[in-house]
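K.L.:
To start, I am sharing the structure in question, which I have written as structure tokens.
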Amino acid sequence: MLRDVLGVKASALVALRSQFAIVGPGLWLIQILSTALFQMWFFVLVSDFAGDPGAAPAYVALGNAVSSLTYSAVYGVTMSAGAEKHIGTMATIMSTPTRMFYVFLGKGAYQSLIGLFTVAVSLAFASLFFGVDLSGADPLALAAVLLATCFAMVGFGMVIGSVGVYLRSSMVLGSIVLYLGLLLCGVNFPISYLPEWLRPASYIFPLTYGVQAVRDVAAGAGPAEVSGLVWLMLGLGILFFALAYALFIYFERLALKRGSLDMF
Amino acid sequence: MIDLRAMKAALKQQSIHFFVDPQWVIPSIIAPFIFTTVTLFLFRHAGGDLLLYAVLGGGVLGMWGNTIHSSSWSIGYDRMNGTLEAIMVTPAPLSSVVFGRCLWNSFLGLLNALAVFLVAQFAFGIDVTVQDPVGFVVALAATLLSLSVLGMVFGAFYVVTRASSAFFQILEFPIYVLSGAVFPLIILPEWSRPFSYVIPATWGAEALKISTIPGYDSLGVGYFGALGLTILTTAAFLLISLFLFTYLEGRAKVNGTLVRY
């Protein structure tokens, strides 16, 4: 148990140090901020031009602000296994006494911090530039919702990322999941706009509940009113982490059997 | 200038790489494809030309998405695989090799345009009828060329620094916004419009729309004006990229950082 905890901590620290090995902190910050701002601006302009009252610019801006969490919490985590393969360090990780799941859990923990920072900045952008009114939002409820969303999304990212242990790369899958949320999770328009056959897919993504909960908090809901969604996301998160644990063990064995650990 | 033989060989090699492992096109085109599909959902009440507008703009975004990802990474992968030095000691200019790769990558971006077209036609029932097919094909070729040249400019930075991946990630979305591909430039703030006017994709998208949508001419330059400005801005970026390649190649040789990854 202690070994696993130390493994998670060490992995998170390595992730922190390697973050700035190639791209410096200044450039990295510009990258995070510009992506969040321009993605939001793009959809705000589209919604402004479309003039659909069901998806007004403020609605779209708030959805995109929450969705910015996906870059780190889902894509960053999904890419972790693929990145190790990419640089040829996957076999080395497997030879350490810490289970692979805990190594990637540490990376996920670091990505959560980045994700929470990104979403905080994005909410500030949405409020400052795009008319999102957060004045009535309860800070405690907002914090609880964002933490629960982040927890569930990291779990979701770990489930997807586990595939990267076996496959050549998790980049393709990660890229699809990264942007699919913009379409399926009520980020840019209500889920009711989707064709009926596509709607069940929305409920697999934790982002759907996160976006809804943040909209409720922005509209004045307190912790009690959003507790249902928060518990749902925490439950989903636990389910995703358990599934990720089993999948990491399964794909680890499969990769060892097929000799695909160094395949990229 | 551009060595045509080297360019052709690089284009061929890049196409072979694609057919060996076509999955890598997905990360490059998924963002513009989803962006366009979301746009179609938001425009669905408007109908008519507005939907067509989104389809055409989405095609341009797709070409841009693939160009900026693949072209920037083409040198990045050489750096990662340790083949950048080998390429630079061949007699062919590096700019010609990168241009050939960029051309293929922009061409591949048409896959996204095709995907958007199919979604528009079958999921949204949009009738995509081109009013001037010849003008459309010419505008498409000019847009493709302009995006390839823009890809070259960004690819040049990879010669000198491995941190270039951050540059193209920073620039992908601003060009989606500033090119006004899926909405008219008039709704952008006035201060941002000069940036839009220097992007070749802005004029390429405009020429494509004029050749497709009856009576459309939002910037008041007409089809030939838009086409001329596409060519003019493309030529300017070509000169910039050639200068950058000369300068950055020299700097990379002095720094001795070509095999650093």
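Please note that chains go A, B, ... in the order of the structure tokens, that every chain numbers its residues from 1, and that ligands are numbered from 1 in the order shown.
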Do you know which residues are at most 10 Å from Val187 (chain A) counting only C-alpha atoms, after dropping those on the same chain fewer than 4 positions away, and could you put them as a count of residues only?
P.N.:
21
K.L.:
Starting from chain A, keep only residues with some atom at most 6 Å from an atom of chain B, counting only C-alpha atoms, and report them as an MDAnalysis selection string.
P.N.:
chainID A and resid 22:23 31 38 42 50 172 175 183
K.L.:
Would you output that residue set with N, CA and C atoms, as a short mmCIF file (atom, residue, chain, number, x, y, z; two decimals), in the first residue's frame?
P.N.:
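This is the output file out_4.cif:
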```
data_model
loop_
_atom_site.label_atom_id
_atom_site.label_comp_id
_atom_site.auth_asym_id
_atom_site.auth_seq_id
_atom_site.Cartn_x
_atom_site.Cartn_y
_atom_site.Cartn_z
N ILE A 22 10.68 20.40 -22.50
CA ILE A 22 10.80 20.84 -23.90
C ILE A 22 10.20 22.24 -24.08
N VAL A 23 8.98 22.40 -23.62
CA VAL A 23 8.32 23.71 -23.76
C VAL A 23 8.42 24.45 -22.41
N GLN A 31 0.15 28.71 -24.48
CA GLN A 31 -0.53 27.62 -25.20
C GLN A 31 -1.87 27.27 -24.53
N PHE A 38 -9.40 30.98 -27.60
CA PHE A 38 -9.81 30.99 -29.00
C PHE A 38 -10.88 29.94 -29.32
N PHE A 42 -14.35 31.12 -30.86
CA PHE A 42 -14.85 30.55 -32.11
C PHE A 42 -16.34 30.19 -31.97
N ALA A 50 -25.40 32.57 -35.61
CA ALA A 50 -26.54 31.68 -35.84
C ALA A 50 -27.82 32.25 -35.22
N VAL A 172 -4.78 8.51 -31.22
CA VAL A 172 -5.95 8.59 -32.09
C VAL A 172 -7.22 8.60 -31.24
N SER A 175 -7.55 11.85 -29.24
CA SER A 175 -7.97 13.00 -30.05
C SER A 175 -9.48 12.97 -30.29
N LEU A 183 -19.45 18.03 -28.96
CA LEU A 183 -20.64 17.69 -29.74
C LEU A 183 -21.72 17.02 -28.88
#
```
K.L.:
Record the distance separating CA of Tyr179 (chain A) and CA of Ala213 (chain A), expressed in Å with one decimal.
P.N.:
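That distance, rounded to one decimal, is 20.1 Å.
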K.L.:
Pick out the residues sitting within 12 Å of Gly235 (chain A), and hand them over as a VMD selection string; count only C-alpha atoms, and ignore anything fewer than 5 positions along from it in its own chain.
P.N.:
chain A and resid 148 to 149 151 to 153 155 to 156 206 209 227 to 230 240 to 242
K.L.:
Kindly export the residues of the current selection with C-alpha atoms, as a compact mmCIF listing (two decimals), in the first residue's frame.
P.N.:
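Writing the result to result-v1.txt gives the following:
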```
# COMPACT_ATOMS: atom_id res chain seq x y z
CA ALA A 148 -16.15 16.08 -8.85
CA THR A 149 -16.13 16.69 -12.63
CA PHE A 151 -12.28 13.36 -10.63
CA ALA A 152 -14.74 11.61 -12.96
CA MET A 153 -13.00 12.88 -16.09
CA GLY A 155 -11.08 8.27 -14.29
CA PHE A 156 -12.62 8.32 -17.76
CA PRO A 206 -18.84 12.75 -17.22
CA TYR A 209 -23.05 16.12 -15.88
CA SER A 227 -25.50 17.37 -4.76
CA GLY A 228 -27.29 14.80 -6.92
CA LEU A 229 -25.08 15.55 -9.92
CA VAL A 230 -21.96 15.72 -7.72
CA PHE A 240 -14.10 4.47 -14.07
CA PHE A 241 -11.08 4.12 -11.75
CA ALA A 242 -12.05 0.52 -10.88
```
K.L.:
Which residues of region 227-250 of chain B sit at most 12 Å from region 127-144 of chain B, using only C-alpha atoms? Give each one's shortest atom pair and distance in Å (one decimal place), in chain and ascending residue order, as CSV.
P.N.:
```
residue,atom,partner,partner_atom,distance
B:Leu227,CA,B:Ala139,CA,6.5
B:Gly228,CA,B:Ala142,CA,9.5
B:Leu229,CA,B:Ala142,CA,10.3
B:Thr230,CA,B:Ala142,CA,6.9
B:Ile231,CA,B:Ala142,CA,6.9
B:Leu232,CA,B:Ala142,CA,10.6
B:Thr233,CA,B:Thr143,CA,10.8
B:Thr234,CA,B:Ala142,CA,8.7
B:Ala235,CA,B:Ala142,CA,11.1
```
K.L.:
Kindly save the residues from that selection, with N, CA, C and O atoms included, as a PDB file, in the first residue's frame.
P.N.:
```
ATOM      1  N   LEU B 227      -9.426  35.618 -55.334  1.00  0.00           N
ATOM      2  CA  LEU B 227      -8.418  34.673 -55.852  1.00  0.00           C
ATOM      3  C   LEU B 227      -7.044  35.355 -55.940  1.00  0.00           C
ATOM      4  O   LEU B 227      -6.025  34.779 -55.549  1.00  0.00           O
ATOM      5  N   GLY B 228      -7.046  36.603 -56.435  1.00  0.00           N
ATOM      6  CA  GLY B 228      -5.796  37.358 -56.562  1.00  0.00           C
ATOM      7  C   GLY B 228      -5.145  37.579 -55.203  1.00  0.00           C
ATOM      8  O   GLY B 228      -3.927  37.422 -55.048  1.00  0.00           O
ATOM      9  N   LEU B 229      -5.976  37.901 -54.212  1.00  0.00           N
ATOM     10  CA  LEU B 229      -5.432  38.133 -52.871  1.00  0.00           C
ATOM     11  C   LEU B 229      -4.937  36.827 -52.237  1.00  0.00           C
ATOM     12  O   LEU B 229      -3.983  36.838 -51.457  1.00  0.00           O
ATOM     13  N   THR B 230      -5.585  35.722 -52.592  1.00  0.00           N
ATOM     14  CA  THR B 230      -5.090  34.417 -52.104  1.00  0.00           C
ATOM     15  C   THR B 230      -3.682  34.200 -52.648  1.00  0.00           C
ATOM     16  O   THR B 230      -2.756  33.821 -51.914  1.00  0.00           O
ATOM     17  N   ILE B 231      -3.521  34.449 -53.950  1.00  0.00           N
ATOM     18  CA  ILE B 231      -2.216  34.220 -54.595  1.00  0.00           C
ATOM     19  C   ILE B 231      -1.163  35.189 -54.041  1.00  0.00           C
ATOM     20  O   ILE B 231      -0.038  34.794 -53.748  1.00  0.00           O
ATOM     21  N   LEU B 232      -1.579  36.442 -53.865  1.00  0.00           N
ATOM     22  CA  LEU B 232      -0.647  37.460 -53.365  1.00  0.00           C
ATOM     23  C   LEU B 232      -0.146  37.135 -51.954  1.00  0.00           C
ATOM     24  O   LEU B 232       1.058  37.154 -51.679  1.00  0.00           O
ATOM     25  N   THR B 233      -1.079  36.800 -51.065  1.00  0.00           N
ATOM     26  CA  THR B 233      -0.677  36.490 -49.675  1.00  0.00           C
ATOM     27  C   THR B 233       0.131  35.186 -49.636  1.00  0.00           C
ATOM     28  O   THR B 233       1.068  35.055 -48.842  1.00  0.00           O
ATOM     29  N   THR B 234      -0.215  34.246 -50.524  1.00  0.00           N
ATOM     30  CA  THR B 234       0.531  32.982 -50.579  1.00  0.00           C
ATOM     31  C   THR B 234       1.978  33.256 -51.002  1.00  0.00           C
ATOM     32  O   THR B 234       2.921  32.704 -50.418  1.00  0.00           O
ATOM     33  N   ALA B 235       2.127  34.111 -52.018  1.00  0.00           N
ATOM     34  CA  ALA B 235       3.483  34.438 -52.500  1.00  0.00           C
ATOM     35  C   ALA B 235       4.291  35.104 -51.384  1.00  0.00           C
ATOM     36  O   ALA B 235       5.474  34.801 -51.193  1.00  0.00           O
TER      37      ALA B 235
END
```
K.L.:
To one decimal place, how far is CA of Phe122 (chain B) from CA of Ser211 (chain B) in Å?
P.N.:
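CA of Ser211 (chain B) lies 22.5 Å from CA of Phe122 (chain B).
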K.L.:
Of the candidates A:Ile30, A:Tyr71, A:Ile249, A:Val8, which one gets nearest to Val163 (chain A) if we count only C-alpha atoms?
P.N.:
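The shortest atom-to-atom distance to Val163 (chain A) comes from A:Ile249.
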K.L.:
I need the helix (DSSP H, G or I) residues of region 27-172 of chain B per DSSP on the backbone, written as a PyMOL selection string.
P.N.:
chain B and resi 27-43+49-81+84-88+94-108+110-122+133-160+164-172
K.L.:
Suppose you want the space between CA of Phe251 (chain A) and CA of Gly108 (chain A); what is it in Å?
P.N.:
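So the answer is 18.1 Å.
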K.L.:
Residues within 10 Å of Trp73 (chain B), please, as a PyMOL selection string. Count only C-alpha atoms; anything in the same chain fewer than 2 positions from it doesn't count.
P.N.:
chain B and resi 67-71+75-80+154-155+158+164-165+168
K.L.:
Convert the current residue selection to file output with all heavy atoms, as a compact mmCIF listing (two decimals), in the first residue's frame.
P.N.:
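Contents of the output file part_9.txt:
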```
# COMPACT_ATOMS: atom_id res chain seq x y z
N THR B 67 -2.91 20.51 -42.29
CA THR B 67 -1.64 21.12 -42.71
C THR B 67 -0.80 21.49 -41.50
O THR B 67 0.38 21.15 -41.43
CB THR B 67 -1.90 22.39 -43.55
OG1 THR B 67 -2.72 22.03 -44.62
CG2 THR B 67 -0.61 22.98 -44.07
N ILE B 68 -1.41 22.18 -40.57
CA ILE B 68 -0.61 22.69 -39.44
C ILE B 68 -0.09 21.55 -38.56
O ILE B 68 1.06 21.55 -38.13
CB ILE B 68 -1.36 23.77 -38.63
CG1 ILE B 68 -0.38 24.45 -37.68
CG2 ILE B 68 -2.54 23.23 -37.88
CD1 ILE B 68 -0.78 25.80 -37.22
N HIS B 69 -0.91 20.52 -38.37
CA HIS B 69 -0.45 19.39 -37.55
C HIS B 69 0.65 18.62 -38.28
O HIS B 69 1.76 18.47 -37.78
CB HIS B 69 -1.61 18.43 -37.27
CG HIS B 69 -2.39 18.82 -36.06
ND1 HIS B 69 -2.12 18.31 -34.83
CD2 HIS B 69 -3.41 19.68 -35.90
CE1 HIS B 69 -2.96 18.83 -33.95
NE2 HIS B 69 -3.75 19.66 -34.58
N SER B 70 0.30 18.14 -39.46
CA SER B 70 1.21 17.22 -40.15
C SER B 70 2.47 17.91 -40.64
O SER B 70 3.55 17.34 -40.57
CB SER B 70 0.50 16.57 -41.32
OG SER B 70 -0.75 16.11 -40.92
N SER B 71 2.32 19.14 -41.14
CA SER B 71 3.49 19.80 -41.70
C SER B 71 4.46 20.21 -40.61
O SER B 71 5.67 20.08 -40.76
CB SER B 71 3.07 21.02 -42.50
OG SER B 71 2.17 20.61 -43.48
N ILE B 75 8.85 17.70 -39.71
CA ILE B 75 10.25 17.92 -39.33
C ILE B 75 10.45 17.43 -37.89
O ILE B 75 11.51 16.91 -37.54
CB ILE B 75 10.61 19.42 -39.47
CG1 ILE B 75 10.70 19.79 -40.94
CG2 ILE B 75 11.91 19.76 -38.76
CD1 ILE B 75 11.89 19.21 -41.68
N GLY B 76 9.40 17.56 -37.08
CA GLY B 76 9.48 17.09 -35.69
C GLY B 76 9.78 15.59 -35.63
O GLY B 76 10.59 15.15 -34.83
N TYR B 77 9.13 14.84 -36.52
CA TYR B 77 9.36 13.39 -36.55
C TYR B 77 10.78 13.08 -37.03
O TYR B 77 11.41 12.14 -36.54
CB TYR B 77 8.34 12.68 -37.44
CG TYR B 77 7.09 12.34 -36.66
CD1 TYR B 77 5.86 12.93 -36.94
CD2 TYR B 77 7.14 11.41 -35.61
CE1 TYR B 77 4.73 12.63 -36.21
CE2 TYR B 77 6.01 11.10 -34.87
CZ TYR B 77 4.81 11.71 -35.17
OH TYR B 77 3.70 11.42 -34.43
N ASP B 78 11.29 13.87 -37.97
CA ASP B 78 12.68 13.66 -38.41
C ASP B 78 13.62 13.90 -37.25
O ASP B 78 14.59 13.17 -37.06
CB ASP B 78 13.02 14.62 -39.56
CG ASP B 78 12.47 14.12 -40.87
OD1 ASP B 78 12.56 12.92 -41.12
OD2 ASP B 78 11.94 14.94 -41.64
N ARG B 79 13.31 14.90 -36.48
CA ARG B 79 14.13 15.23 -35.31
C ARG B 79 14.07 14.06 -34.31
O ARG B 79 15.08 13.62 -33.78
CB ARG B 79 13.58 16.51 -34.67
CG ARG B 79 14.40 17.10 -33.59
CD ARG B 79 13.73 18.36 -33.11
NE ARG B 79 14.22 19.55 -33.78
CZ ARG B 79 15.38 20.15 -33.51
NH1 ARG B 79 16.18 19.64 -32.60
NH2 ARG B 79 15.75 21.23 -34.14
N MET B 80 12.85 13.55 -34.10
CA MET B 80 12.66 12.45 -33.15
C MET B 80 13.35 11.17 -33.63
O MET B 80 13.98 10.46 -32.85
CB MET B 80 11.16 12.20 -32.98
CG MET B 80 10.82 11.25 -31.86
SD MET B 80 9.05 11.01 -31.77
CE MET B 80 8.83 9.71 -32.93
N PHE B 154 5.48 27.40 -40.58
CA PHE B 154 5.53 26.85 -39.23
C PHE B 154 6.51 25.69 -39.13
O PHE B 154 7.17 25.50 -38.11
CB PHE B 154 4.12 26.42 -38.77
CG PHE B 154 3.17 27.58 -38.73
CD1 PHE B 154 2.02 27.59 -39.50
CD2 PHE B 154 3.46 28.68 -37.95
CE1 PHE B 154 1.16 28.67 -39.48
CE2 PHE B 154 2.60 29.77 -37.92
CZ PHE B 154 1.46 29.77 -38.69
N GLY B 155 6.59 24.91 -40.22
CA GLY B 155 7.52 23.77 -40.24
C GLY B 155 8.97 24.23 -40.07
O GLY B 155 9.79 23.53 -39.48
N TYR B 158 10.65 24.13 -36.64
CA TYR B 158 11.05 22.84 -36.08
C TYR B 158 12.52 22.54 -36.35
O TYR B 158 13.13 21.71 -35.68
CB TYR B 158 10.20 21.72 -36.67
CG TYR B 158 9.19 21.20 -35.70
CD1 TYR B 158 7.83 21.44 -35.87
CD2 TYR B 158 9.59 20.47 -34.59
CE1 TYR B 158 6.90 20.98 -34.98
CE2 TYR B 158 8.66 20.01 -33.68
CZ TYR B 158 7.33 20.26 -33.88
OH TYR B 158 6.42 19.81 -32.97
N SER B 164 8.67 23.72 -30.96
CA SER B 164 7.74 24.26 -31.97
C SER B 164 6.34 23.70 -31.87
O SER B 164 5.40 24.31 -32.36
CB SER B 164 8.27 23.98 -33.36
OG SER B 164 9.45 24.67 -33.55
N SER B 165 6.20 22.52 -31.25
CA SER B 165 4.85 21.93 -31.15
C SER B 165 3.92 22.92 -30.44
O SER B 165 2.74 22.99 -30.77
CB SER B 165 4.91 20.62 -30.37
OG SER B 165 5.44 20.85 -29.09
N PHE B 168 2.48 25.63 -33.00
CA PHE B 168 1.36 25.29 -33.87
C PHE B 168 0.08 25.06 -33.08
O PHE B 168 -1.01 25.32 -33.56
CB PHE B 168 1.69 24.17 -34.85
CG PHE B 168 1.62 22.76 -34.33
CD1 PHE B 168 0.40 22.17 -34.09
CD2 PHE B 168 2.76 22.01 -34.17
CE1 PHE B 168 0.32 20.86 -33.65
CE2 PHE B 168 2.70 20.70 -33.72
CZ PHE B 168 1.47 20.13 -33.45
```
K.L.:
May I have the residues within 12 Å of Ile210 (chain B) as JSON, numbers by chain, using only C-alpha atoms and disregarding those fewer than 2 positions away in the same chain?
P.N.:
{"B": [49, 52, 53, 56, 57, 130, 131, 132, 133, 135, 136, 139, 140, 203, 204, 205, 206, 207, 208, 212, 213, 214, 215, 216, 217, 218, 219, 220, 221, 222, 223, 224, 225, 226, 227]}
K.L.:
Residues within 12 Å of Val97 (chain B), please, as a short mmCIF file (atom, residue, chain, number, x, y, z; two decimals) with N, CA, C and O atoms, in the first residue's frame. Count only C-alpha atoms; anything in the same chain fewer than 5 positions from it doesn't count.
P.N.:
```cif
data_model
loop_
_atom_site.label_atom_id
_atom_site.label_comp_id
_atom_site.auth_asym_id
_atom_site.auth_seq_id
_atom_site.Cartn_x
_atom_site.Cartn_y
_atom_site.Cartn_z
N MET B 1 15.19 28.76 -54.68
CA MET B 1 13.75 28.55 -54.85
C MET B 1 13.41 27.06 -54.65
O MET B 1 14.22 26.29 -54.17
N ILE B 2 12.20 26.68 -55.07
CA ILE B 2 11.75 25.30 -54.85
C ILE B 2 12.33 24.37 -55.92
O ILE B 2 12.22 24.64 -57.12
N ASP B 3 12.96 23.29 -55.46
CA ASP B 3 13.48 22.26 -56.36
C ASP B 3 12.33 21.27 -56.63
O ASP B 3 11.94 20.51 -55.73
N LEU B 4 11.82 21.29 -57.87
CA LEU B 4 10.62 20.52 -58.17
C LEU B 4 10.81 19.01 -57.99
O LEU B 4 9.91 18.30 -57.55
N ARG B 5 12.02 18.52 -58.34
CA ARG B 5 12.28 17.08 -58.24
C ARG B 5 12.25 16.64 -56.77
O ARG B 5 11.64 15.63 -56.43
N ALA B 6 12.87 17.45 -55.92
CA ALA B 6 12.90 17.13 -54.49
C ALA B 6 11.49 17.23 -53.90
O ALA B 6 11.07 16.39 -53.10
N MET B 7 10.76 18.24 -54.38
CA MET B 7 9.40 18.44 -53.89
C MET B 7 8.51 17.24 -54.24
O MET B 7 7.77 16.73 -53.41
N LYS B 8 8.67 16.78 -55.50
CA LYS B 8 7.85 15.64 -55.97
C LYS B 8 8.20 14.38 -55.17
O LYS B 8 7.32 13.62 -54.76
N ALA B 9 9.49 14.18 -54.93
CA ALA B 9 9.92 12.99 -54.18
C ALA B 9 9.40 13.04 -52.74
O ALA B 9 8.95 12.02 -52.20
N ALA B 10 9.42 14.24 -52.14
CA ALA B 10 8.95 14.38 -50.76
C ALA B 10 7.45 14.14 -50.69
O ALA B 10 6.95 13.49 -49.76
N LEU B 11 6.73 14.63 -51.71
CA LEU B 11 5.28 14.43 -51.77
C LEU B 11 4.96 12.93 -51.85
O LEU B 11 4.09 12.41 -51.15
N LYS B 12 5.74 12.24 -52.70
CA LYS B 12 5.53 10.79 -52.89
C LYS B 12 5.83 10.04 -51.58
O LYS B 12 5.06 9.18 -51.17
N GLN B 13 6.94 10.42 -50.96
CA GLN B 13 7.33 9.74 -49.72
C GLN B 13 6.27 9.96 -48.62
O GLN B 13 5.90 9.04 -47.91
N GLN B 14 5.76 11.18 -48.55
CA GLN B 14 4.75 11.51 -47.54
C GLN B 14 3.47 10.71 -47.78
O GLN B 14 2.83 10.24 -46.83
N SER B 71 2.32 19.14 -41.14
CA SER B 71 3.49 19.80 -41.70
C SER B 71 4.46 20.21 -40.61
O SER B 71 5.67 20.08 -40.76
N SER B 74 6.15 17.09 -39.45
CA SER B 74 6.97 16.32 -40.39
C SER B 74 8.45 16.49 -40.06
O SER B 74 9.21 15.53 -40.07
N ILE B 75 8.85 17.70 -39.71
CA ILE B 75 10.25 17.92 -39.33
C ILE B 75 10.45 17.43 -37.89
O ILE B 75 11.51 16.91 -37.54
N ASP B 78 11.29 13.87 -37.97
CA ASP B 78 12.68 13.66 -38.41
C ASP B 78 13.62 13.90 -37.25
O ASP B 78 14.59 13.17 -37.06
N LEU B 84 16.92 14.04 -39.26
CA LEU B 84 16.97 15.44 -39.72
C LEU B 84 18.34 15.81 -40.29
O LEU B 84 18.44 16.46 -41.33
N ILE B 87 18.76 14.38 -43.78
CA ILE B 87 18.03 15.14 -44.81
C ILE B 87 18.79 16.42 -45.16
O ILE B 87 18.87 16.83 -46.31
N MET B 88 19.37 17.03 -44.13
CA MET B 88 20.03 18.32 -44.36
C MET B 88 21.37 18.22 -45.08
O MET B 88 21.86 19.22 -45.59
N THR B 90 21.71 16.25 -47.69
CA THR B 90 21.43 15.94 -49.11
C THR B 90 21.49 17.25 -49.90
O THR B 90 21.30 18.33 -49.33
N PRO B 91 21.73 17.14 -51.23
CA PRO B 91 21.81 18.40 -52.00
C PRO B 91 20.46 19.12 -52.14
O PRO B 91 20.43 20.31 -52.42
N ALA B 92 19.35 18.40 -51.92
CA ALA B 92 18.03 19.04 -52.07
C ALA B 92 17.78 20.03 -50.93
O ALA B 92 18.06 19.72 -49.78
N CYS B 102 4.09 19.26 -47.25
CA CYS B 102 2.95 20.13 -46.92
C CYS B 102 1.85 20.01 -47.96
O CYS B 102 0.66 20.02 -47.62
N LEU B 103 2.26 19.91 -49.24
CA LEU B 103 1.26 19.79 -50.31
C LEU B 103 0.41 18.54 -50.09
O LEU B 103 -0.82 18.59 -50.20
N TRP B 104 1.07 17.44 -49.78
CA TRP B 104 0.33 16.20 -49.55
C TRP B 104 -0.59 16.35 -48.34
O TRP B 104 -1.75 15.92 -48.37
N MET B 152 4.52 25.49 -44.35
CA MET B 152 5.99 25.57 -44.48
C MET B 152 6.59 26.56 -43.48
O MET B 152 7.64 26.33 -42.91
N GLY B 155 6.59 24.91 -40.22
CA GLY B 155 7.52 23.77 -40.24
C GLY B 155 8.97 24.23 -40.07
O GLY B 155 9.79 23.53 -39.48
N ALA B 156 9.27 25.43 -40.57
CA ALA B 156 10.65 25.93 -40.51
C ALA B 156 11.16 26.04 -39.07
O ALA B 156 12.32 25.78 -38.80
N LEU B 242 10.87 30.82 -47.28
CA LEU B 242 12.19 30.54 -47.86
C LEU B 242 13.29 31.27 -47.07
O LEU B 242 14.35 30.72 -46.79
N PHE B 245 13.72 29.42 -43.74
CA PHE B 245 14.47 28.18 -43.88
C PHE B 245 15.97 28.46 -43.99
O PHE B 245 16.78 27.81 -43.33
#
```
K.L.:
Might you pull out every residue within 9 Å of Ala141 (chain A), with only C-alpha atoms counted and same-chain residues fewer than 3 positions away left off, and present them as a ChimeraX atom specification?
P.N.:
/A:137-138,144-146,214,217,221-227
K.L.:
Just to be explicit: take each residue in the selection above, keep all heavy atoms, and write the result as a short mmCIF file (atom, residue, chain, number, x, y, z; two decimals), in the first residue's frame.
P.N.:
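Heads up, here's the output in selection.cif:
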```
data_model
loop_
_atom_site.label_atom_id
_atom_site.label_comp_id
_atom_site.auth_asym_id
_atom_site.auth_seq_id
_atom_site.Cartn_x
_atom_site.Cartn_y
_atom_site.Cartn_z
N ALA A 137 -23.22 32.79 -8.40
CA ALA A 137 -22.75 31.42 -8.18
C ALA A 137 -22.21 31.25 -6.77
O ALA A 137 -21.47 32.11 -6.28
CB ALA A 137 -21.68 31.06 -9.20
N ASP A 138 -22.57 30.15 -6.13
CA ASP A 138 -22.06 29.83 -4.80
C ASP A 138 -20.66 29.23 -4.96
O ASP A 138 -20.51 28.17 -5.59
CB ASP A 138 -23.02 28.80 -4.17
CG ASP A 138 -22.60 28.40 -2.77
OD1 ASP A 138 -21.39 28.38 -2.50
OD2 ASP A 138 -23.48 28.12 -1.95
N ALA A 144 -17.07 22.35 -5.51
CA ALA A 144 -17.43 20.93 -5.37
C ALA A 144 -17.73 20.32 -6.73
O ALA A 144 -17.29 19.21 -7.05
CB ALA A 144 -18.65 20.81 -4.46
N VAL A 145 -18.45 21.07 -7.57
CA VAL A 145 -18.81 20.57 -8.90
C VAL A 145 -17.56 20.37 -9.76
O VAL A 145 -17.40 19.33 -10.41
CB VAL A 145 -19.80 21.56 -9.58
CG1 VAL A 145 -19.87 21.33 -11.07
CG2 VAL A 145 -21.17 21.45 -8.97
N LEU A 146 -16.65 21.35 -9.72
CA LEU A 146 -15.45 21.25 -10.57
C LEU A 146 -14.55 20.10 -10.11
O LEU A 146 -14.00 19.37 -10.94
CB LEU A 146 -14.68 22.58 -10.58
CG LEU A 146 -15.38 23.73 -11.31
CD1 LEU A 146 -14.54 25.00 -11.23
CD2 LEU A 146 -15.66 23.38 -12.77
N VAL A 214 -22.48 22.94 -13.57
CA VAL A 214 -21.93 24.31 -13.55
C VAL A 214 -23.01 25.31 -14.02
O VAL A 214 -23.13 26.41 -13.47
CB VAL A 214 -20.64 24.42 -14.41
CG1 VAL A 214 -20.20 25.87 -14.55
CG2 VAL A 214 -19.52 23.60 -13.80
N VAL A 217 -25.21 25.89 -11.08
CA VAL A 217 -24.56 26.74 -10.07
C VAL A 217 -24.55 28.20 -10.54
O VAL A 217 -24.84 29.11 -9.76
CB VAL A 217 -23.12 26.25 -9.76
CG1 VAL A 217 -22.38 27.25 -8.89
CG2 VAL A 217 -23.14 24.89 -9.09
N ALA A 221 -27.95 27.86 -8.12
CA ALA A 221 -28.15 26.66 -7.30
C ALA A 221 -27.07 26.54 -6.23
O ALA A 221 -25.89 26.84 -6.49
CB ALA A 221 -28.15 25.42 -8.18
N GLY A 222 -27.46 26.10 -5.04
CA GLY A 222 -26.50 25.91 -3.94
C GLY A 222 -25.99 24.48 -3.91
O GLY A 222 -26.41 23.66 -4.73
N PRO A 223 -25.12 24.17 -2.92
CA PRO A 223 -24.56 22.82 -2.83
C PRO A 223 -25.63 21.73 -2.76
O PRO A 223 -25.48 20.67 -3.37
CB PRO A 223 -23.73 22.86 -1.54
CG PRO A 223 -23.43 24.31 -1.32
CD PRO A 223 -24.59 25.07 -1.88
N ALA A 224 -26.71 22.00 -2.03
CA ALA A 224 -27.74 20.96 -1.89
C ALA A 224 -28.42 20.64 -3.22
O ALA A 224 -28.68 19.48 -3.53
CB ALA A 224 -28.79 21.44 -0.88
N GLU A 225 -28.66 21.70 -4.01
CA GLU A 225 -29.35 21.48 -5.29
C GLU A 225 -28.53 20.70 -6.31
O GLU A 225 -29.08 20.00 -7.15
CB GLU A 225 -29.76 22.83 -5.92
CG GLU A 225 -31.00 23.45 -5.30
CD GLU A 225 -30.65 24.69 -4.52
OE1 GLU A 225 -29.68 24.64 -3.74
OE2 GLU A 225 -31.34 25.71 -4.69
N VAL A 226 -27.19 20.86 -6.25
CA VAL A 226 -26.37 20.14 -7.23
C VAL A 226 -25.75 18.86 -6.64
O VAL A 226 -24.98 18.19 -7.32
CB VAL A 226 -25.24 21.04 -7.81
CG1 VAL A 226 -25.79 22.08 -8.74
CG2 VAL A 226 -24.38 21.65 -6.73
N SER A 227 -26.13 18.54 -5.41
CA SER A 227 -25.50 17.37 -4.76
C SER A 227 -25.78 16.08 -5.53
O SER A 227 -24.94 15.19 -5.59
CB SER A 227 -25.95 17.26 -3.31
OG SER A 227 -27.33 17.03 -3.29
#
```
